[in-house]
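Structure first, then comments.
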Amino acid sequence: MRIFPRRAVSAAVATVSVLALAVAGPPQASAASFYDPPSPLPSGRDGDVIRHEASTFYIDPIKLIKADAEVQRIMYLSRDTHGSPIAVTGTVLTPRSAWHGAGARPIVSYAVGTQGEGDDCAPSKALAAGFEYEGPFIAGLLTRGYGVVVTDYEGLGTPGDHTYVNRAAEAHAVLDAIRAAQRLPEADLPDDGPVAIAGYSQGGGASAAAAELQPSYAPELKLKGAYAGAVPADLAEVAKLLDGHYAVGFLGFALVSMNYAYPELNIPALLNARGKQLFEQVRTECTVEAIAAHAFTQSATLTNDGRSLTAYLGEEPYRSRVAEQKIGTLKPSAPVLIVHSALDDIVPYAQDRDLGRTWCGKGVKVQFSTSLVPTHVLGAVRAFPEAFAWLEGRFAGLPAPVNCGLF
């Protein structure tokens with residue numbers, strides 16, 4: 001039985017997003033020891049479950065609405081940027097209601113948008129506390145009968161810095177999360193059934209990157225499609241927009257990520273005292289904190305030589321490492337839905353349209369949808385109903401819509 005109708009889920013998205021932005025701070029960890037991986041890591045396959053425990057999923061921060069699902073917090077094996085084994089945590093959610101669609105119950109790997117860099121920003125912690133601003137969309141997937149797995153990505157909750165918008169690390173985490181959900185007996189989900197990937201913003205990038213890597217990294221998965229909203233496909237272009245922006249803290253997250261994934265870059269060496277202070281501060285901040293603390297900061301005020309951080313992106317060794325994060329160089333084998341507002345104020349629309357055109361040129365079945373809703377946040381709300389309908393079509397076996405050549 002559904003806990004509330006689908007229309008209520010869509011209506012709740014905006015309400016709960018506002019509530020999430022209004023809270024004073026992130027939830028505190030109640031069981032930090034769960035997030036400490038064993039040392040050494042156990043041997044096994046990518047996606048093998050290291051440990052798990054029962055958890056909860058509240059859709060609102062007041063904890064009035066509890067999802068009608070069985071919830072398991074998991075730790076599983078995955079790989080970092082360079083292919084080395086790591087432990088990643090996440091959440092597996094199984095609807096209590098029966099699946100009434102054709103075939104086996106599908107699994108959707110949902111990649112969340114920007115959470116922050118601090119360990120308390122981990123989605124598995126936010127879901128349990130009712131602080132996850134994308135909780136209503138996740139609940140909408142559950143009401144449709146899908147099993148859902150939500151990765152925490154590398155470094156959120158677990159040791160080390162979170163590799164924010166890192167193409168390979170996020171793709172590995174998203175794909176291995178599906179494997180973990182399939183292999184966890186307590187989740188009672190099919191081990192070889194249909195799957196899909198979905199995400200918006202950072203999650204849109206993770207979804208798109210996972211779709212590109214799936215044919216080589218996880219070819220056994222029966223991927224029916226990937227929804228990728230507001231994809232930060234070209235980080236060099238995104239960085240130009242974020243410099244001096246109210247969301248410049250996201251640029252700080254990216255600096256921490258790049259420095260952790262590629263320590264030879266030694267990014268702190270470029271920074272003056274103020275820059276080093278910001279760098280260390282964002283390592284512990286979640287999204288709302290970073291926006292409030294660093295809004296409209298010009299990166300030129302953070303460097304030793306007074307040049308903007310974006311100016312360095314055209315120079316080596318930074319240019320090559322940023323180029324490694326570009327999405328669109330590989331070909332997804334499954335259909336893709338890209339939704340982006342032309343009035344997005346955080347992720348540039350043009351670089352996402354270029355991604356769709358590039359994929360079309362490679363023969364990918366792309367549906368590119370443009371909206372005119374102002375702001376990045378409202379663009380997400382506008383995209384949700386379209387994403388739901390598109391995913392339903394893929395699991396129903398309908399031909400994927402394609403509009404290549406028309407955008």
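For the structure tokens, the naming scheme is as follows: chains receive sequential letters (A, B, ...) according to their order of presentation, residues are indexed from 1 within each chain, and ligands are indexed from 1 in presentation order.
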- Task: Per DSSP on the backbone, filter stretch 87-171 of chain A down to the residues in alpha helix (DSSP H) and report them as a VMD selection string.
- Result: chain A and resid 123 to 129 135 to 143 167 to 171
Selection export as a CSV table (one decimal), in the first residue's frame, atoms kept: N, CA and C atoms:
```csv
chain,number,residue,atom,x,y,z
A,123,PRO,N,24.5,11.0,2.5
A,123,PRO,CA,23.0,10.8,2.3
A,123,PRO,C,22.4,9.7,3.2
A,124,SER,N,23.2,8.7,3.6
A,124,SER,CA,22.6,7.7,4.4
A,124,SER,C,22.3,8.2,5.8
A,125,LYS,N,23.0,9.2,6.3
A,125,LYS,CA,22.7,9.8,7.6
A,125,LYS,C,21.6,10.8,7.4
A,126,ALA,N,21.5,11.5,6.3
A,126,ALA,CA,20.5,12.5,6.1
A,126,ALA,C,19.1,11.8,5.9
A,127,LEU,N,19.1,10.7,5.2
A,127,LEU,CA,17.9,10.0,4.9
A,127,LEU,C,17.3,9.5,6.3
A,128,ALA,N,18.1,9.0,7.1
A,128,ALA,CA,17.7,8.5,8.4
A,128,ALA,C,17.2,9.6,9.3
A,129,ALA,N,17.7,10.8,9.2
A,129,ALA,CA,17.3,11.9,10.0
A,129,ALA,C,16.2,12.8,9.4
A,135,GLY,N,14.8,13.6,-0.7
A,135,GLY,CA,14.0,12.5,-0.2
A,135,GLY,C,12.6,12.3,-0.9
A,136,PRO,N,11.9,13.4,-1.2
A,136,PRO,CA,10.6,13.2,-1.9
A,136,PRO,C,10.7,12.5,-3.2
A,137,PHE,N,11.8,12.8,-4.0
A,137,PHE,CA,12.0,12.1,-5.3
A,137,PHE,C,12.3,10.6,-5.0
A,138,ILE,N,13.1,10.4,-4.1
A,138,ILE,CA,13.4,9.0,-3.7
A,138,ILE,C,12.1,8.3,-3.3
A,139,ALA,N,11.3,8.9,-2.5
A,139,ALA,CA,10.0,8.4,-2.1
A,139,ALA,C,9.1,8.1,-3.3
A,140,GLY,N,9.2,9.0,-4.2
A,140,GLY,CA,8.4,8.8,-5.5
A,140,GLY,C,8.8,7.6,-6.2
A,141,LEU,N,10.1,7.2,-6.2
A,141,LEU,CA,10.5,6.0,-6.8
A,141,LEU,C,10.0,4.8,-6.1
A,142,LEU,N,10.0,4.9,-4.8
A,142,LEU,CA,9.5,3.8,-4.0
A,142,LEU,C,8.0,3.6,-4.2
A,143,THR,N,7.2,4.7,-4.3
A,143,THR,CA,5.7,4.5,-4.5
A,143,THR,C,5.4,3.9,-5.8
A,167,ARG,N,34.5,12.1,-12.0
A,167,ARG,CA,33.7,11.2,-13.0
A,167,ARG,C,33.9,9.7,-12.6
A,168,ALA,N,35.1,9.2,-12.5
A,168,ALA,CA,35.3,7.8,-12.3
A,168,ALA,C,34.8,7.3,-11.0
A,169,ALA,N,35.2,8.0,-9.9
A,169,ALA,CA,34.9,7.6,-8.6
A,169,ALA,C,33.4,7.5,-8.4
A,170,GLU,N,32.7,8.6,-8.8
A,170,GLU,CA,31.2,8.6,-8.7
A,170,GLU,C,30.5,7.5,-9.5
A,171,ALA,N,31.0,7.3,-10.7
A,171,ALA,CA,30.4,6.3,-11.6
A,171,ALA,C,30.6,4.9,-10.9
```
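Shortest separation to A:Asn259 among A:Asp161, A:Glu237, A:Asp48, A:Asp68 occurs at residue A:Asp161, atoms counted being only C-alpha atoms.
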- Counting only C-alpha atoms, the option among A:Ile107, A:Val88, A:Leu265, A:Tyr200 closest to A:Glu315: A:Leu265
- Query: Distance atom CA of A:Ala396-atom CA of A:Pro194, one decimal place?
  - Reply: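 Separating atom CA of A:Ala396 from atom CA of A:Pro194 is a distance of 10.3 Å.
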- atom CA of A:Gly229 to atom CA of A:Ala380: how many Å, to one decimal?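 Atom CA of A:Gly229 sits 7.4 Å away from atom CA of A:Ala380.
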